[in-house]
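With compact mmCIF, C-alpha atoms inside, this is query-v2.txt:
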# COMPACT_ATOMS: atom_id res chain seq x y z
CA MET N 1 -16.23 -5.55 -72.63
CA GLN N 2 -16.07 -8.50 -70.22
CA GLN N 3 -14.86 -11.75 -71.75
CA HIS N 4 -17.51 -14.45 -72.07
CA ILE N 5 -16.73 -17.60 -70.10
CA ASP N 6 -17.88 -20.86 -71.64
CA THR N 7 -15.41 -23.29 -70.03
CA VAL N 8 -13.92 -23.34 -66.53
CA VAL N 9 -11.26 -25.60 -65.00
CA LEU N 10 -12.14 -26.31 -61.36
CA ALA N 11 -9.78 -27.56 -58.64
CA TYR N 12 -11.95 -30.47 -57.51
CA SER N 13 -11.52 -32.75 -54.51
CA GLY N 14 -14.84 -34.59 -54.63
CA GLY N 15 -15.88 -33.31 -51.22
CA LEU N 16 -18.85 -31.18 -50.23
CA ASP N 17 -17.48 -27.74 -51.08
CA THR N 18 -16.08 -28.46 -54.53
CA SER N 19 -19.09 -30.57 -55.51
CA VAL N 20 -21.40 -27.69 -54.65
CA ILE N 21 -19.07 -25.27 -56.44
CA LEU N 22 -19.12 -27.40 -59.60
CA LYS N 23 -22.92 -27.30 -59.77
CA TRP N 24 -23.08 -23.61 -58.80
CA ILE N 25 -20.64 -22.54 -61.54
CA LYS N 26 -22.59 -24.47 -64.17
CA GLU N 27 -25.83 -22.78 -63.14
CA THR N 28 -24.46 -19.30 -62.51
CA TYR N 29 -22.18 -18.97 -65.54
CA ALA N 30 -24.07 -21.32 -67.88
CA CYS N 31 -20.78 -22.90 -68.88
CA LYS N 32 -18.92 -26.19 -69.05
CA VAL N 33 -16.86 -27.22 -66.02
CA ILE N 34 -13.77 -29.39 -66.31
CA ALA N 35 -12.80 -30.92 -62.98
CA PHE N 36 -9.13 -31.34 -62.07
CA THR N 37 -7.89 -33.45 -59.17
CA ALA N 38 -4.20 -33.74 -58.30
CA ASP N 39 -2.69 -36.70 -56.49
CA LEU N 40 -0.01 -35.05 -54.36
CA GLY N 41 0.38 -38.00 -52.02
CA GLN N 42 -2.55 -37.12 -49.77
CA GLY N 43 -3.23 -40.82 -49.26
CA GLU N 44 -6.85 -40.69 -50.36
CA ASP N 45 -8.50 -43.17 -52.68
CA LEU N 46 -9.06 -41.12 -55.83
CA SER N 47 -10.49 -43.96 -57.90
CA GLY N 48 -14.05 -42.64 -57.66
CA VAL N 49 -13.33 -38.93 -58.05
CA GLU N 50 -13.70 -38.85 -61.83
CA ARG N 51 -17.06 -40.61 -61.64
CA ARG N 52 -18.33 -38.27 -58.91
CA ALA N 53 -17.31 -35.21 -60.91
CA LEU N 54 -19.11 -36.44 -64.01
CA GLU N 55 -22.22 -37.36 -62.01
CA THR N 56 -22.26 -33.87 -60.51
CA GLY N 57 -22.18 -32.32 -63.98
CA ALA N 58 -18.58 -31.96 -65.08
CA ALA N 59 -18.01 -32.08 -68.83
CA LYS N 60 -14.63 -33.74 -68.26
CA ALA N 61 -12.58 -34.84 -65.28
CA HIS N 62 -8.79 -35.01 -65.06
CA VAL N 63 -7.18 -37.00 -62.22
CA GLU N 64 -3.38 -36.81 -62.38
CA ASP N 65 -0.53 -38.27 -60.34
CA LEU N 66 1.80 -35.33 -59.65
CA ARG N 67 3.70 -36.83 -56.71
CA GLU N 68 7.12 -36.97 -58.32
CA GLU N 69 6.88 -33.49 -59.79
CA PHE N 70 5.66 -32.18 -56.43
CA ALA N 71 8.57 -33.67 -54.51
CA ARG N 72 11.27 -32.93 -57.10
CA ASP N 73 10.30 -29.45 -58.30
CA PHE N 74 8.53 -27.95 -55.30
CA ILE N 75 9.33 -29.67 -51.98
CA PHE N 76 13.04 -30.22 -52.65
CA PRO N 77 13.84 -26.67 -53.87
CA MET N 78 12.11 -25.32 -50.77
CA MET N 79 14.02 -27.74 -48.54
CA ARG N 80 17.30 -26.66 -50.16
CA ALA N 81 16.42 -23.19 -48.89
CA ASN N 82 15.66 -24.47 -45.35
CA ALA N 83 12.43 -22.48 -45.63
CA VAL N 84 10.52 -22.20 -42.36
CA TYR N 85 7.67 -19.70 -41.94
CA GLU N 86 7.66 -17.71 -38.69
CA GLY N 87 10.41 -19.97 -37.43
CA ARG N 88 8.21 -23.08 -37.20
CA TYR N 89 5.96 -23.94 -40.14
CA LEU N 90 7.42 -26.09 -42.93
CA LEU N 91 4.90 -24.77 -45.50
CA GLY N 92 3.17 -28.02 -46.43
CA THR N 93 -0.04 -26.45 -47.76
CA SER N 94 1.65 -23.37 -49.19
CA ILE N 95 4.01 -25.27 -51.49
CA ALA N 96 1.26 -27.46 -52.99
CA ARG N 97 -0.89 -24.63 -54.33
CA PRO N 98 1.43 -23.32 -57.07
CA LEU N 99 1.70 -26.80 -58.59
CA ILE N 100 -2.08 -27.29 -58.60
CA ALA N 101 -2.65 -23.85 -60.10
CA LYS N 102 0.11 -24.36 -62.68
CA ARG N 103 -1.51 -27.57 -63.88
CA MET N 104 -4.94 -25.92 -63.98
CA VAL N 105 -3.60 -23.18 -66.24
CA GLU N 106 -2.02 -25.81 -68.52
CA ILE N 107 -5.31 -27.72 -68.74
CA ALA N 108 -7.19 -24.49 -69.41
CA ARG N 109 -4.92 -23.74 -72.35
CA ALA N 110 -5.28 -27.27 -73.72
CA GLU N 111 -9.07 -27.29 -73.34
CA GLY N 112 -9.64 -23.71 -74.51
CA ALA N 113 -11.03 -22.64 -71.13
CA GLN N 114 -11.21 -18.97 -70.23
CA ALA N 115 -11.16 -19.34 -66.45
CA ILE N 116 -10.06 -21.43 -63.51
CA ALA N 117 -11.98 -21.83 -60.25
CA HIS N 118 -11.09 -22.82 -56.70
CA GLY N 119 -12.85 -23.51 -53.41
CA ALA N 120 -10.72 -21.27 -51.22
CA THR N 121 -12.57 -18.88 -48.94
CA GLY N 122 -12.17 -15.11 -48.88
CA LYS N 123 -10.52 -15.35 -45.45
CA GLY N 124 -7.64 -17.64 -46.29
CA ASN N 125 -4.26 -17.72 -47.97
CA ASP N 126 -5.08 -20.26 -50.67
CA GLN N 127 -7.13 -17.82 -52.78
CA VAL N 128 -4.04 -15.63 -53.03
CA ARG N 129 -1.76 -18.54 -53.91
CA PHE N 130 -4.02 -19.88 -56.65
CA GLU N 131 -4.67 -16.52 -58.23
CA LEU N 132 -1.13 -15.12 -58.05
CA THR N 133 0.13 -18.29 -59.73
CA ALA N 134 -2.45 -18.01 -62.51
CA ALA N 135 -1.60 -14.33 -63.03
CA ALA N 136 2.11 -15.13 -63.23
CA LEU N 137 1.63 -17.90 -65.80
CA ASP N 138 -1.16 -16.57 -68.03
CA LYS N 139 -2.50 -13.02 -67.72
CA SER N 140 -5.53 -13.85 -69.88
CA ILE N 141 -6.90 -16.49 -67.47
CA LYS N 142 -9.83 -15.34 -65.33
CA THR N 143 -10.52 -16.68 -61.85
CA ILE N 144 -13.87 -17.65 -60.32
CA ALA N 145 -13.92 -17.75 -56.52
CA PRO N 146 -17.45 -18.77 -55.45
CA TRP N 147 -16.89 -18.12 -51.74
CA ARG N 148 -16.40 -14.46 -52.64
CA GLU N 149 -19.43 -14.36 -54.94
CA TRP N 150 -22.34 -16.54 -53.83
CA ASP N 151 -24.84 -16.12 -51.01
CA LEU N 152 -23.99 -19.42 -49.30
CA CYS N 153 -22.56 -18.39 -45.94
CA SER N 154 -21.80 -21.63 -44.12
CA ARG N 155 -21.25 -25.36 -44.33
CA THR N 156 -24.91 -25.81 -43.43
CA ASP N 157 -25.90 -23.73 -46.47
CA CYS N 158 -23.70 -25.94 -48.65
CA VAL N 159 -25.31 -29.10 -47.29
CA GLU N 160 -28.76 -27.69 -48.03
CA TYR N 161 -27.68 -26.68 -51.54
CA ALA N 162 -26.31 -30.20 -52.13
CA ARG N 163 -29.55 -31.84 -51.01
CA LYS N 164 -31.63 -29.49 -53.13
CA HIS N 165 -29.58 -30.32 -56.24
CA ASP N 166 -29.18 -34.06 -55.55
CA ILE N 167 -25.41 -33.81 -55.19
CA PRO N 168 -24.07 -37.12 -53.78
CA VAL N 169 -21.97 -36.05 -50.78
CA THR N 170 -21.50 -37.49 -47.31
CA VAL N 171 -21.19 -35.19 -44.31
CA THR N 172 -20.05 -36.27 -40.84
CA LYS N 173 -19.63 -34.42 -37.56
CA ASP N 174 -17.01 -36.85 -36.22
CA LYS N 175 -14.13 -34.87 -37.68
CA PRO N 176 -15.03 -31.18 -37.80
CA TYR N 177 -11.69 -30.09 -39.26
CA SER N 178 -10.70 -28.50 -42.51
CA CYS N 179 -7.80 -30.70 -43.62
CA ASP N 180 -5.20 -30.51 -46.35
CA GLY N 181 -2.82 -33.38 -47.00
CA ASN N 182 0.04 -34.17 -49.35
CA LEU N 183 3.49 -35.76 -49.40
CA LEU N 184 4.84 -33.08 -47.09
CA HIS N 185 2.19 -32.77 -44.42
CA LEU N 186 -1.37 -32.96 -43.13
CA SER N 187 -3.00 -29.83 -41.68
CA PHE N 188 -5.99 -29.34 -39.40
CA GLU N 189 -8.03 -26.18 -38.85
CA GLY N 190 -11.46 -25.55 -37.34
CA GLY N 191 -13.36 -27.35 -34.60
CA GLU N 192 -11.87 -26.89 -31.14
CA LEU N 193 -8.72 -25.50 -32.78
CA GLU N 194 -10.51 -22.18 -33.22
CA ASP N 195 -9.91 -21.69 -29.49
CA PRO N 196 -6.11 -21.21 -29.19
CA TRP N 197 -6.26 -22.35 -25.54
CA ALA N 198 -7.99 -25.66 -26.33
CA GLU N 199 -5.95 -28.83 -26.66
CA PRO N 200 -6.13 -30.49 -30.11
CA GLY N 201 -8.46 -33.47 -30.16
CA PRO N 202 -7.38 -37.07 -30.81
CA HIS N 203 -8.53 -36.95 -34.44
CA THR N 204 -5.69 -34.52 -35.23
CA TYR N 205 -3.27 -37.45 -34.96
CA MET N 206 -3.34 -39.04 -38.39
CA MET N 207 0.23 -39.19 -39.72
CA CYS N 208 2.04 -39.20 -36.36
CA VAL N 209 1.41 -41.29 -33.28
CA PRO N 210 1.41 -39.38 -29.98
CA PRO N 211 5.05 -39.40 -28.78
CA GLU N 212 4.11 -41.22 -25.56
CA GLN N 213 2.75 -44.06 -27.72
CA ALA N 214 5.85 -44.25 -29.93
CA PRO N 215 8.21 -47.25 -29.64
CA ASP N 216 10.38 -47.44 -26.53
CA GLN N 217 13.43 -48.24 -28.67
CA PRO N 218 15.01 -45.62 -30.96
CA GLU N 219 15.46 -46.21 -34.67
CA ILE N 220 18.62 -45.26 -36.57
CA ALA N 221 18.41 -43.98 -40.14
CA THR N 222 20.80 -42.51 -42.70
CA ILE N 223 20.06 -40.04 -45.49
CA ASP N 224 22.42 -39.43 -48.42
CA PHE N 225 22.41 -36.01 -50.10
CA THR N 226 23.65 -34.69 -53.43
CA ALA N 227 23.55 -30.95 -54.21
CA GLY N 228 21.30 -30.42 -51.21
CA ASN N 229 18.75 -33.06 -52.28
CA PRO N 230 18.12 -36.39 -50.53
CA VAL N 231 18.90 -39.27 -52.89
CA ALA N 232 18.99 -42.34 -50.66
CA LEU N 233 17.48 -43.56 -47.39
CA ASN N 234 19.33 -46.20 -45.38
CA GLY N 235 21.59 -46.81 -48.36
CA ARG N 236 18.73 -47.38 -50.83
CA GLU N 237 18.43 -44.99 -53.76
CA LEU N 238 14.84 -43.77 -54.06
CA SER N 239 12.90 -41.29 -56.16
CA PRO N 240 11.96 -37.96 -54.56
CA ALA N 241 8.37 -39.04 -53.90
CA GLU N 242 9.49 -42.41 -52.56
CA ILE N 243 11.91 -40.77 -50.12
CA MET N 244 9.21 -38.43 -48.83
CA ALA N 245 6.73 -41.29 -48.40
CA GLU N 246 9.21 -43.50 -46.52
CA LEU N 247 10.38 -40.64 -44.31
CA ASN N 248 6.74 -39.94 -43.45
CA THR N 249 6.30 -43.55 -42.36
CA LEU N 250 9.49 -43.44 -40.29
CA GLY N 251 8.72 -40.13 -38.65
CA GLY N 252 5.07 -40.91 -38.07
CA ARG N 253 5.96 -44.16 -36.32
CA HIS N 254 8.07 -42.22 -33.82
CA GLY N 255 5.73 -39.28 -33.33
CA ILE N 256 8.04 -36.80 -35.09
CA GLY N 257 6.82 -33.63 -36.79
CA ARG N 258 3.78 -32.41 -34.80
CA LEU N 259 3.26 -28.63 -34.68
CA ASP N 260 0.49 -26.62 -33.03
CA MET N 261 0.85 -22.91 -33.78
CA VAL N 262 -0.91 -19.59 -34.25
CA GLU N 263 0.35 -18.03 -37.47
CA SER N 264 -0.05 -14.78 -39.38
CA ARG N 265 -2.10 -15.15 -42.54
CA PHE N 266 -1.18 -13.00 -45.53
CA VAL N 267 -4.69 -11.49 -45.59
CA GLY N 268 -4.10 -9.96 -42.15
CA MET N 269 -5.62 -12.22 -39.51
CA LYS N 270 -4.18 -14.76 -37.09
CA SER N 271 -5.15 -18.41 -37.43
CA ARG N 272 -4.41 -21.53 -35.45
CA GLY N 273 -3.50 -24.82 -37.07
CA VAL N 274 -2.09 -28.22 -36.25
CA TYR N 275 0.43 -29.61 -38.72
CA GLU N 276 1.90 -33.08 -39.06
CA THR N 277 5.12 -33.03 -41.10
CA PRO N 278 7.05 -36.18 -40.12
CA GLY N 279 9.22 -36.68 -43.21
CA GLY N 280 9.85 -32.99 -43.75
CA THR N 281 10.95 -32.53 -40.14
CA ILE N 282 13.52 -35.33 -40.45
CA LEU N 283 14.71 -34.09 -43.83
CA GLN N 284 15.12 -30.51 -42.67
CA ALA N 285 17.12 -31.55 -39.60
CA ALA N 286 19.46 -33.74 -41.66
CA HIS N 287 19.93 -31.19 -44.44
CA ARG N 288 20.65 -28.36 -42.04
CA ASP N 289 23.22 -30.46 -40.22
CA LEU N 290 25.05 -31.48 -43.40
CA GLU N 291 25.32 -27.82 -44.36
CA GLY N 292 27.28 -27.24 -41.17
CA LEU N 293 29.90 -29.67 -42.44
CA THR N 294 30.07 -28.66 -46.10
CA MET N 295 28.92 -25.04 -46.48
CA ASP N 296 31.14 -21.98 -46.27
CA ARG N 297 30.51 -19.84 -43.18
CA GLU N 298 29.84 -16.50 -44.87
CA THR N 299 27.74 -18.08 -47.61
CA MET N 300 25.62 -19.76 -44.96
CA ARG N 301 25.28 -16.53 -42.99
CA LEU N 302 24.03 -14.66 -46.06
CA ARG N 303 21.64 -17.46 -47.02
CA ASP N 304 20.26 -17.63 -43.48
CA GLN N 305 19.39 -13.94 -43.59
CA LEU N 306 17.23 -14.66 -46.63
CA ILE N 307 15.31 -17.63 -45.19
CA PRO N 308 12.46 -15.55 -43.69
CA GLN N 309 12.00 -13.71 -46.99
CA TYR N 310 12.03 -16.91 -49.04
CA ALA N 311 9.57 -18.58 -46.64
CA ALA N 312 7.25 -15.57 -46.84
CA MET N 313 7.34 -15.72 -50.65
CA VAL N 314 6.19 -19.35 -50.53
CA TYR N 315 3.58 -18.74 -47.83
CA ASN N 316 2.14 -15.67 -49.55
CA GLY N 317 1.86 -17.27 -52.99
CA PHE N 318 4.82 -15.80 -54.86
CA TRP N 319 6.38 -19.08 -56.02
CA PHE N 320 6.43 -18.00 -59.67
CA ALA N 321 7.46 -14.44 -58.89
CA PRO N 322 10.81 -13.23 -60.30
CA GLU N 323 12.23 -12.53 -56.84
CA ARG N 324 11.66 -16.13 -55.67
CA GLU N 325 13.17 -17.55 -58.86
CA ALA N 326 16.21 -15.27 -58.55
CA LEU N 327 16.64 -16.19 -54.90
CA GLN N 328 16.33 -19.87 -55.81
CA ALA N 329 19.23 -19.51 -58.23
CA PHE N 330 21.41 -18.13 -55.44
CA ILE N 331 20.31 -20.86 -53.03
CA ASP N 332 20.98 -23.63 -55.53
CA LYS N 333 24.48 -22.24 -56.07
CA THR N 334 25.10 -22.53 -52.32
CA GLN N 335 23.96 -26.16 -52.42
CA GLU N 336 26.42 -27.46 -55.00
CA ARG N 337 28.77 -28.82 -52.31
CA VAL N 338 26.10 -29.97 -49.88
CA ARG N 339 26.62 -33.68 -50.30
CA GLY N 340 27.28 -36.56 -47.96
CA THR N 341 25.53 -38.74 -45.40
CA VAL N 342 23.78 -37.90 -42.14
CA ARG N 343 23.03 -40.51 -39.44
CA LEU N 344 19.98 -39.85 -37.28
CA LYS N 345 18.21 -41.22 -34.23
CA LEU N 346 14.40 -41.15 -34.17
CA TYR N 347 12.86 -41.46 -30.73
CA LYS N 348 9.69 -40.32 -28.95
CA GLY N 349 8.92 -37.29 -31.07
CA ALA N 350 12.53 -36.16 -31.48
CA VAL N 351 15.06 -36.44 -34.30
CA SER N 352 18.71 -36.25 -33.24
CA VAL N 353 21.78 -36.19 -35.45
CA LEU N 354 24.37 -38.82 -34.47
CA GLY N 355 26.94 -38.18 -37.18
CA ARG N 356 27.70 -36.78 -40.58
CA LYS N 357 30.33 -37.31 -43.28
CA SER N 358 31.19 -35.90 -46.70
CA ASP N 359 33.98 -36.14 -49.28
CA VAL N 360 33.88 -32.30 -49.46
CA SER N 361 33.86 -31.73 -45.72
CA LEU N 362 35.27 -28.38 -44.55
CA TYR N 363 36.05 -29.86 -41.16
CA ASN N 364 39.79 -30.30 -40.63
CA PRO N 365 40.55 -32.43 -37.58
CA GLU N 366 44.16 -31.23 -37.54
CA LEU N 367 42.95 -27.64 -37.12
CA ALA N 368 40.12 -28.39 -34.69
CA THR N 369 41.95 -30.77 -32.34
CA PHE N 370 42.61 -29.89 -28.69
CA GLU N 371 45.73 -32.01 -28.90
CA GLN N 372 49.09 -30.84 -30.26
CA ASP N 373 49.08 -29.93 -33.96
CA MET N 374 51.60 -28.72 -36.54
CA VAL N 375 49.31 -26.54 -38.71
CA TYR N 376 48.04 -23.79 -36.41
CA ASP N 377 50.14 -21.27 -34.50
CA GLN N 378 48.02 -20.29 -31.50
CA ALA N 379 50.07 -17.10 -31.01
CA ASP N 380 48.52 -15.75 -34.23
CA ALA N 381 45.19 -15.43 -32.42
CA ALA N 382 46.50 -12.56 -30.27
CA GLY N 383 46.93 -10.23 -33.25
CA PHE N 384 43.55 -11.27 -34.65
CA ILE N 385 41.86 -10.37 -31.37
CA ARG N 386 43.74 -7.04 -31.06
CA LEU N 387 42.61 -5.93 -34.52
CA ASN N 388 39.00 -6.85 -33.84
CA ALA N 389 39.15 -5.00 -30.51
CA LEU N 390 40.26 -1.69 -32.07
CA ARG N 391 36.78 -0.36 -32.69
CA LEU N 392 35.56 -1.57 -29.27
CA ARG N 393 38.36 0.32 -27.53
CA ALA N 394 37.57 3.44 -29.59
CA TRP N 395 33.90 3.21 -28.68
CA ASN N 396 34.68 2.74 -25.01
CA GLN N 397 36.91 5.85 -25.01
Final structure tokens representation of the file:
Amino acid sequence: MQQHIDTVVLAYSGGLDTSVILKWIKETYACKVIAFTADLGQGEDLSGVERRALETGAAKAHVEDLREEFARDFIFPMMRANAVYEGRYLLGTSIARPLIAKRMVEIARAEGAQAIAHGATGKGNDQVRFELTAAALDKSIKTIAPWREWDLCSRTDCVEYARKHDIPVTVTKDKPYSCDGNLLHLSFEGGELEDPWAEPGPHTYMMCVPPEQAPDQPEIATIDFTAGNPVALNGRELSPAEIMAELNTLGGRHGIGRLDMVESRFVGMKSRGVYETPGGTILQAAHRDLEGLTMDRETMRLRDQLIPQYAAMVYNGFWFAPEREALQAFIDKTQERVRGTVRLKLYKGAVSVLGRKSDVSLYNPELATFEQDMVYDQADAAGFIRLNALRLRAWNQ
């Protein structure tokens, strides 16, 4: 027998789609809807979201500041892994979904709700991320996905539904993009971006200035790391969310972190998106460089082989899966000695490393020098080469 649903927790942004969804769920399921909005550093004014949710029919509305948890427990672990999807994408949208879904499940338990709901379409990745997270955290929680259920087929249908039900939403054609923003990035899909040959329009520059408009003078910055995590910027200790916010300002000012790519969605199709990830781009470059100074060669080689798999786990929605958590334990072990300072130059869309230092550096200048040294017998290299050549000689014969 199917479980009766009398209360639903909805991921609510206050925009057209989720406002329509709120009303539709109330009518279709004859149930209470509790709206949940997460502040993940998207830079939007959320002061009126609670009121809009209640006016649209929500029984309750939760608006929560999750910026520190997002940076500390989601962005930073992923950055410790140097996770990059398909060699380019820093996973800004992907990493936000498990936190939102986790909090929805927690609210559902507290409020006695039987289901959660989201506004992700049946074509995208987010439906998978939300629902896999819910399944991993509470097998009894049901999921309502209106875009897979209702007969509204387009944005125009949603606008008409909103007008018919007196839902207070504002629609504009000036920015035709589907956007997702948080402390790590801002993404753009739709509009002219649906043609992979078309150049992104000027409204896709929100966090980053175009590089040609960036300052003509470079800016120097330093980042201090402990156990693979950034802890200070330009000598100032900051919280995780504060570091991300300030790095975004720095990178955006210099046009750093723009990405235009066609990617492979988990559901099987290709999609094109524009991503602005200024702070994450700087952080990833600095972290990767410091690893070169402090991380053992073979440990790094093994970890690097696992980066595509880790990135795919995040992209595909398996953040709370046992394989990601086990892999995270290995990665965090590799990061114990990744500490020190990296000095960077930010200029015209590029981030360049100028120097790095650490009290646990594996770099030995006496071994590496081209000048005379007393610790390395160069004649030893001949035997090393002969032994490594044995199999090559055998193969050649």
Note to self: Between atom CA of Met104 of chain N and atom CA of Lys60 of chain N, what distance in Å does the model show, to one decimal?
What the structure shows: 13.2 Å
Note to self: I'd like the neighbourhood of Gly355 of chain N as a ChimeraX atom specification, where a residue qualifies if any of its atoms comes within 8 Å (using all atoms listed in the file), though same-chain residues fewer than 6 positions away should be ignored.
What the structure shows: /N:342-344
Notebook entry, point to check: Looking at N:Arg393, N:Arg288, N:Arg324, N:Arg155, which one is nearest to Ser352 of chain N, with distances taken over only C-alpha atoms?
Noted result: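 Among the listed residues, the smallest separation from Ser352 of chain N belongs to N:Arg288.
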Next item on the list: Within 10 Å of Glu212 of chain N, counting all atoms listed in the file, which residues show up once you throw out same-chain ones fewer than 6 positions away? Write them as a list in words, please.
Entry: His254, Gly255, Lys348 and Gly349 of chain N
Could the residues in this selection be saved with C-alpha atoms as a PDB file, in the frame of the given file?
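After the write, out-v6.pdb holds the following:
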ATOM      1  CA  HIS N 254       8.070 -42.220 -33.820  1.00  0.00           C
ATOM      2  CA  GLY N 255       5.730 -39.280 -33.330  1.00  0.00           C
ATOM      3  CA  LYS N 348       9.690 -40.320 -28.950  1.00  0.00           C
ATOM      4  CA  GLY N 349       8.920 -37.290 -31.070  1.00  0.00           C
TER       5      GLY N 349
END
Check: Could you work out how far atom CA of Thr277 of chain N lies from atom CA of Asp195 of chain N, giving the answer in Å with one decimal?
Finding: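 Atom CA of Thr277 of chain N lies at a distance of 22.1 Å from atom CA of Asp195 of chain N.
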Notebook entry, point to check: Distance atom CA of Ser187 of chain N-atom CA of Tyr275 of chain N, one decimal place?
Noted result: 4.5 Å
Next item on the list: Name all residues at most 8 Å from segment 249-251 of chain N (count only C-alpha atoms; drop same-chain ones fewer than 5 positions away) and give them as an NGL selection string.
Entry: :N and (207-208 or 256-257 or 278-279 or 282 or 346)
Please report as CSV every residue of segment 50-109 of chain N lying within 9 Å of segment 313-320 of chain N, along with the nearest atom pair and their distance in Å (one decimal), using only C-alpha atoms.
residue,atom,partner,partner_atom,distance
N:Met78,CA,N:Val314,CA,8.4
N:Ala83,CA,N:Val314,CA,8.5
N:Tyr85,CA,N:Tyr315,CA,7.2
N:Leu91,CA,N:Tyr315,CA,6.6
N:Thr93,CA,N:Tyr315,CA,8.5
N:Ser94,CA,N:Tyr315,CA,5.2
N:Ile95,CA,N:Val314,CA,6.4
N:Arg97,CA,N:Gly317,CA,8.0
N:Pro98,CA,N:Trp319,CA,6.6
